[in-house]
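Asks: Below is the file structure.txt, which contains compact mmCIF, C-alpha atoms.
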```
# COMPACT_ATOMS: atom_id res chain seq x y z
CA HIS A 183 89.88 105.14 89.56
CA ALA A 184 87.33 102.45 88.74
CA ILE A 185 88.61 98.93 88.06
CA MET A 186 86.37 96.61 86.09
CA GLY A 187 86.87 93.16 84.62
CA PRO A 188 85.40 89.67 84.44
CA ASN A 189 85.22 87.36 87.45
CA GLY A 190 88.59 85.94 88.41
CA SER A 191 90.60 88.73 86.83
CA GLY A 192 92.37 89.66 90.08
CA LYS A 193 90.47 92.75 91.24
CA SER A 194 89.73 91.57 94.78
CA THR A 195 93.18 89.98 95.03
CA LEU A 196 94.71 93.39 94.31
CA SER A 197 92.62 95.10 96.98
CA LYS A 198 93.36 92.50 99.65
CA THR A 199 97.07 92.46 98.83
CA LEU A 200 97.32 96.24 99.23
CA VAL A 201 95.85 96.10 102.74
CA GLY A 202 97.97 93.12 103.79
CA HIS A 203 95.51 90.21 103.85
CA PRO A 204 97.40 87.21 105.30
CA ALA A 205 96.06 84.84 102.62
CA TYR A 206 98.26 86.51 99.99
CA THR A 207 102.05 86.49 99.64
CA VAL A 208 103.78 89.01 97.40
CA THR A 209 106.80 87.47 95.67
CA GLY A 210 108.09 90.53 93.83
CA GLY A 211 107.61 94.21 93.12
CA LEU A 212 106.70 97.26 95.19
CA ALA A 213 103.50 99.02 96.25
CA MET A 214 104.59 102.63 96.75
CA PHE A 215 102.43 104.92 98.87
CA ASN A 216 103.50 108.33 100.19
CA GLY A 217 107.14 107.55 99.50
CA GLY A 218 107.23 104.15 101.19
CA ASP A 219 106.58 100.53 100.25
CA LEU A 220 103.27 99.32 101.69
CA LEU A 221 104.46 95.74 101.43
CA GLU A 222 106.96 96.35 104.24
CA LEU A 223 104.18 97.29 106.67
CA GLU A 224 101.84 95.21 108.82
CA PRO A 225 98.10 95.52 108.02
CA GLU A 226 97.41 97.75 111.02
CA GLN A 227 100.28 100.05 110.02
CA ARG A 228 98.83 100.39 106.53
CA ALA A 229 95.46 101.31 108.02
CA GLN A 230 97.02 103.89 110.34
CA GLN A 231 98.84 105.43 107.38
CA GLY A 232 95.53 105.95 105.60
CA ILE A 233 94.68 102.81 103.61
CA PHE A 234 91.06 101.68 103.91
CA LEU A 235 89.24 98.69 102.41
CA ALA A 236 85.47 98.40 102.27
CA PHE A 237 84.80 94.68 101.96
CA GLN A 238 82.57 93.04 99.39
CA TYR A 239 81.21 90.85 102.20
CA PRO A 240 81.63 92.68 105.54
CA VAL A 241 82.05 90.24 108.42
CA GLU A 242 80.06 90.15 111.65
CA ILE A 243 82.01 90.55 114.92
CA PRO A 244 79.83 89.26 117.78
CA GLY A 245 80.67 90.67 121.21
CA VAL A 246 82.18 93.93 119.93
CA ALA A 247 79.87 96.94 120.11
CA ASN A 248 79.78 99.00 116.93
CA THR A 249 80.36 102.29 118.77
CA ASP A 250 83.42 100.94 120.63
CA PHE A 251 84.87 99.48 117.43
CA LEU A 252 84.44 102.75 115.55
CA ARG A 253 85.88 104.92 118.35
CA LEU A 254 88.94 102.73 118.82
CA ALA A 255 89.61 102.62 115.07
CA VAL A 256 89.29 106.40 114.72
CA ASN A 257 91.51 107.05 117.75
CA LYS A 258 94.23 104.76 116.39
CA ARG A 259 94.15 106.73 113.15
CA ARG A 260 94.25 110.06 115.02
CA THR A 261 97.20 108.91 117.13
CA ALA A 262 99.09 107.94 113.96
CA LEU A 263 98.44 111.46 112.65
CA GLY A 264 99.72 113.05 115.85
CA GLN A 265 96.24 114.18 116.92
CA GLU A 266 94.59 113.81 120.33
CA GLU A 267 92.21 110.93 120.83
CA TYR A 268 88.49 111.59 121.17
CA ASP A 269 86.96 110.89 124.55
CA PRO A 270 83.63 108.99 124.39
CA ILE A 271 81.50 112.15 124.61
CA GLU A 272 83.47 114.00 121.93
CA PHE A 273 83.33 110.97 119.66
CA PHE A 274 79.57 110.61 120.03
CA GLY A 275 79.10 114.11 118.60
CA VAL A 276 81.32 113.36 115.59
CA LEU A 277 79.70 109.97 115.10
CA SER A 278 76.16 111.35 115.16
CA GLU A 279 76.97 113.79 112.37
CA LYS A 280 78.54 111.10 110.19
CA MET A 281 75.70 108.64 110.82
CA ALA A 282 73.20 111.19 109.55
CA SER A 283 75.17 111.44 106.31
CA VAL A 284 74.65 107.72 105.58
CA GLU A 285 71.11 107.61 106.99
CA MET A 286 71.93 105.20 109.82
CA SER A 287 69.83 105.06 112.97
CA SER A 288 71.42 105.49 116.39
CA ASP A 289 70.05 102.02 117.18
CA PHE A 290 73.07 100.60 115.38
CA LEU A 291 75.47 102.02 117.95
CA SER A 292 74.53 99.56 120.67
CA ARG A 293 74.57 96.55 118.36
CA ASP A 294 77.60 94.38 117.70
CA VAL A 295 79.62 95.11 114.56
CA ASN A 296 77.48 94.08 111.57
CA SER A 297 75.68 91.54 113.74
CA GLY A 298 72.19 90.97 112.35
CA PHE A 299 72.66 93.80 109.84
CA SER A 300 71.07 93.48 106.41
CA GLY A 301 73.36 93.59 103.37
CA GLY A 302 72.57 97.25 102.85
CA GLU A 303 73.15 98.09 106.53
CA LYS A 304 76.56 96.41 106.45
CA LYS A 305 77.56 98.46 103.42
CA ARG A 306 76.36 101.67 105.10
CA ASN A 307 78.42 100.76 108.15
CA GLU A 308 81.46 100.40 105.88
CA ILE A 309 80.85 103.87 104.41
CA LEU A 310 80.37 105.22 107.95
CA GLN A 311 83.86 103.90 108.76
CA LEU A 312 85.14 105.62 105.62
CA ALA A 313 83.60 108.93 106.68
CA LEU A 314 85.04 108.68 110.20
CA LEU A 315 88.54 107.49 109.34
CA GLU A 316 89.06 109.89 106.41
CA PRO A 317 91.71 107.69 104.75
CA GLU A 318 94.03 108.94 102.04
CA LEU A 319 93.29 105.90 99.87
CA ALA A 320 89.92 104.14 99.98
CA ILE A 321 89.51 100.82 98.19
CA LEU A 322 85.86 99.91 97.68
CA ASP A 323 85.51 96.28 96.66
CA GLU A 324 82.13 95.82 94.94
CA THR A 325 80.41 98.12 97.40
CA ASP A 326 77.30 97.98 95.18
CA SER A 327 76.95 94.20 95.57
CA GLY A 328 73.55 93.27 97.04
CA LEU A 329 72.24 96.83 97.32
CA ASP A 330 68.78 97.95 96.24
CA ILE A 331 68.53 101.28 94.44
CA ASP A 332 67.80 103.34 97.58
CA ALA A 333 70.72 101.85 99.51
CA LEU A 334 72.93 102.29 96.46
CA LYS A 335 72.11 106.01 96.30
CA THR A 336 72.82 106.42 100.02
CA VAL A 337 76.16 104.62 99.83
CA ALA A 338 77.15 106.54 96.69
CA GLY A 339 76.25 109.81 98.42
CA GLY A 340 78.56 108.94 101.31
CA VAL A 341 81.42 108.17 98.92
CA ASN A 342 80.88 111.39 96.98
CA ARG A 343 80.98 113.43 100.20
CA TYR A 344 84.31 111.81 101.08
CA LYS A 345 85.81 112.29 97.60
CA SER A 346 88.16 115.28 97.37
CA ASP A 347 91.50 116.45 95.98
CA ARG A 348 93.13 115.30 99.23
CA ASN A 349 92.35 111.61 98.80
CA ALA A 350 92.05 108.83 96.24
CA ILE A 351 89.54 106.07 95.56
CA ILE A 352 89.92 102.69 93.89
CA LEU A 353 86.40 101.58 93.04
CA ILE A 354 86.04 97.92 92.06
CA THR A 355 82.77 97.08 90.34
CA HIS A 356 81.18 94.96 87.65
CA TYR A 357 78.38 97.35 86.79
CA GLN A 358 77.83 100.73 85.23
CA ARG A 359 74.95 101.44 87.64
CA LEU A 360 77.31 102.35 90.49
CA LEU A 361 79.24 104.65 88.18
CA ASP A 362 76.01 106.47 87.38
CA TYR A 363 76.17 107.79 90.95
CA ILE A 364 79.96 107.91 91.53
CA GLU A 365 81.54 109.22 88.35
CA PRO A 366 85.16 108.08 88.02
CA ASP A 367 87.98 110.11 86.52
CA PHE A 368 89.52 106.95 85.05
CA VAL A 369 88.27 103.46 84.24
CA HIS A 370 90.64 100.50 83.97
CA VAL A 371 90.01 96.95 82.76
CA MET A 372 91.84 94.16 84.59
CA HIS A 373 92.41 90.75 83.00
CA LYS A 374 94.54 87.92 84.38
CA GLY A 375 95.97 90.17 87.07
CA ARG A 376 97.02 93.04 84.79
CA ILE A 377 95.53 96.29 83.56
CA VAL A 378 94.95 95.80 79.83
CA ARG A 379 92.97 98.91 78.97
CA SER A 380 92.32 102.34 80.47
CA GLY A 381 90.06 105.25 79.58
CA GLY A 382 87.54 107.71 80.93
CA PRO A 383 83.96 107.17 82.14
CA GLU A 384 82.89 106.32 78.60
CA LEU A 385 84.87 103.06 78.81
CA ALA A 386 82.51 101.74 81.50
CA LYS A 387 79.52 102.44 79.26
CA GLU A 388 81.23 100.64 76.41
CA LEU A 389 81.80 97.60 78.63
CA GLU A 390 78.17 97.66 79.73
CA ALA A 391 77.08 97.56 76.09
CA ASP A 392 79.67 95.24 74.54
CA GLY A 393 81.11 93.15 77.38
CA TYR A 394 84.65 91.76 77.53
CA ALA A 395 84.95 89.90 74.22
CA PHE A 396 87.90 92.13 73.27
CA LEU A 397 89.98 90.65 76.10
CA GLU A 398 90.95 87.57 74.12
CA GLY A 399 94.55 88.17 73.17
CA ALA A 400 94.73 91.54 74.95
CA ALA A 401 98.22 92.56 76.09
CA PRO A 402 98.88 94.38 79.38
CA LEU A 403 99.54 98.13 79.23
```
Take the structure I supplied and represent it as structure tokens, if you would.

Replies:
Amino acid sequence: HAIMGPNGSGKSTLSKTLVGHPAYTVTGGLAMFNGGDLLELEPEQRAQQGIFLAFQYPVEIPGVANTDFLRLAVNKRRTALGQEEYDPIEFFGVLSEKMASVEMSSDFLSRDVNSGFSGGEKKRNEILQLALLEPELAILDETDSGLDIDALKTVAGGVNRYKSDRNAIILITHYQRLLDYIEPDFVHVMHKGRIVRSGGPELAKELEADGYAFLEGAAPL
């Protein structure tokens, strides 16, 4: 599912609320996932149950090595699934394979999380996390922001390799160019915090051509 809409329509608010960002308080309603209400869970519990958010602006975490961060995150997810944790040697083999899929150099393993990374490198690191964690629901918040065409193709390739019948993707974007490489099954338009229109991939092309003028007076679905 791709979600599009003008700035300030609530797209990023939706994504952060689903993963439990502390800046947002939900005053009503439910967010059902696998038979339970996500809103009753702490952020780390949501992650362990298979919710993943790739940030629009990934943060740097000085003092935390990328390889340690990735291994601990993956092992927490495996424990939640009732699987054995990877030891460091086992994890390195898995990590090397996934890094090749997003064209990341092994040099990034010894560096701190996102520290000194370019915009494109940070986004690749997010997609590397996606590939390793194998979440059931991945929310990608403007993953194409700040990427040149080569980095965009690499990131899109990583998302397409993850995409399957066993998982779901919410892809938040402003631009058709990302959807040229990751074709959505459904496209939704958000306005003032509500979905006001839905369609197939052709809707994104219509928005690219005509913009959001039709939103004036639009009622939620």

Asks: When you count all atoms listed in the file, which of these residues is closest to Val284 (chain A): A:Arg228, A:His203, A:His183, A:Arg306?

Replies: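 Smallest distance to Val284 (chain A) is found for A:Arg306.
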
Asks: May I have the residues within 8 Å of region 256-260 of chain A as a PyMOL selection string, using only C-alpha atoms and disregarding those fewer than 6 positions away in the same chain?

Replies: chain A and resi 229-232+266-268+314-315

Asks: Atoms to include: C-alpha atoms. Write the selected residues as a PDB file, in the frame of the given file.

Replies:
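Heads up, here's the output in selection05.pdb:
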```
ATOM      1  CA  ALA A 229      95.460 101.310 108.020  1.00  0.00           C
ATOM      2  CA  GLN A 230      97.020 103.890 110.340  1.00  0.00           C
ATOM      3  CA  GLN A 231      98.840 105.430 107.380  1.00  0.00           C
ATOM      4  CA  GLY A 232      95.530 105.950 105.600  1.00  0.00           C
ATOM      5  CA  GLU A 266      94.590 113.810 120.330  1.00  0.00           C
ATOM      6  CA  GLU A 267      92.210 110.930 120.830  1.00  0.00           C
ATOM      7  CA  TYR A 268      88.490 111.590 121.170  1.00  0.00           C
ATOM      8  CA  LEU A 314      85.040 108.680 110.200  1.00  0.00           C
ATOM      9  CA  LEU A 315      88.540 107.490 109.340  1.00  0.00           C
TER      10      LEU A 315
END
```

Asks: Looking at all atoms listed in the file, which of A:Pro244, A:Gly302, A:Gly393, A:Pro204 is the one that sits closest to Thr336 (chain A)?

Replies: A:Gly302

Asks: Using all atoms listed in the file, list the residues that have an atom at most 6 Å from (77.9, 89.4, 113.1), coordinates as in the file, as a PyMOL selection string.

Replies: chain A and resi 242-244+296-298

Asks: Just want the 12 Å neighbourhood of Ile271 (chain A), counted on all atoms listed in the file, with same-chain residues fewer than 5 positions away dropped. Output as a list of chain:residue names.

Replies: A:Thr249, A:Arg253, A:Val276, A:Leu277, A:Ser278

Asks: Looking at A:Ala205, A:Leu252, A:Leu221, A:Met372, which one is nearest to Gly187 (chain A), with distances taken over all atoms listed in the file?

Replies: A:Met372

Asks: Just want the 8 Å neighbourhood of region 198-200 of chain A, counted on only C-alpha atoms, with same-chain residues fewer than 4 positions away dropped. Output as a ChimeraX atom specification.

Replies: /A:194,206-208,213,220-221,235

Asks: By how many Å are CA of Leu322 (chain A) and CA of Ser197 (chain A) apart?

Replies: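 Interatomic distance here is 8.3 Å.
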
Asks: So, counting only C-alpha atoms, which residue among A:Leu385, A:Ala262, A:Ala247, A:Ala333 is closest to Asp289 (chain A)?

Replies: A:Ala247

Asks: For Ser288 (chain A), please output as a ChimeraX atom specification all residues within 12 Å (counting only C-alpha atoms; exclusion window: fewer than 6 positions along the same chain).

Replies: /A:248-249,274-275,277-282,307

Asks: Can you measure CA of Glu365 (chain A) to CA of Pro383 (chain A) for me? One decimal in Å is fine.

Replies: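 Straight-line distance from CA of Glu365 (chain A) to CA of Pro383 (chain A) works out to 7.0 Å.
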
Asks: For Tyr344 (chain A), which of A:Val295, A:Ala255, A:Met214, A:Ile309 is the closest residue, counting all atoms listed in the file?

Replies: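 Closest candidate: A:Ile309.
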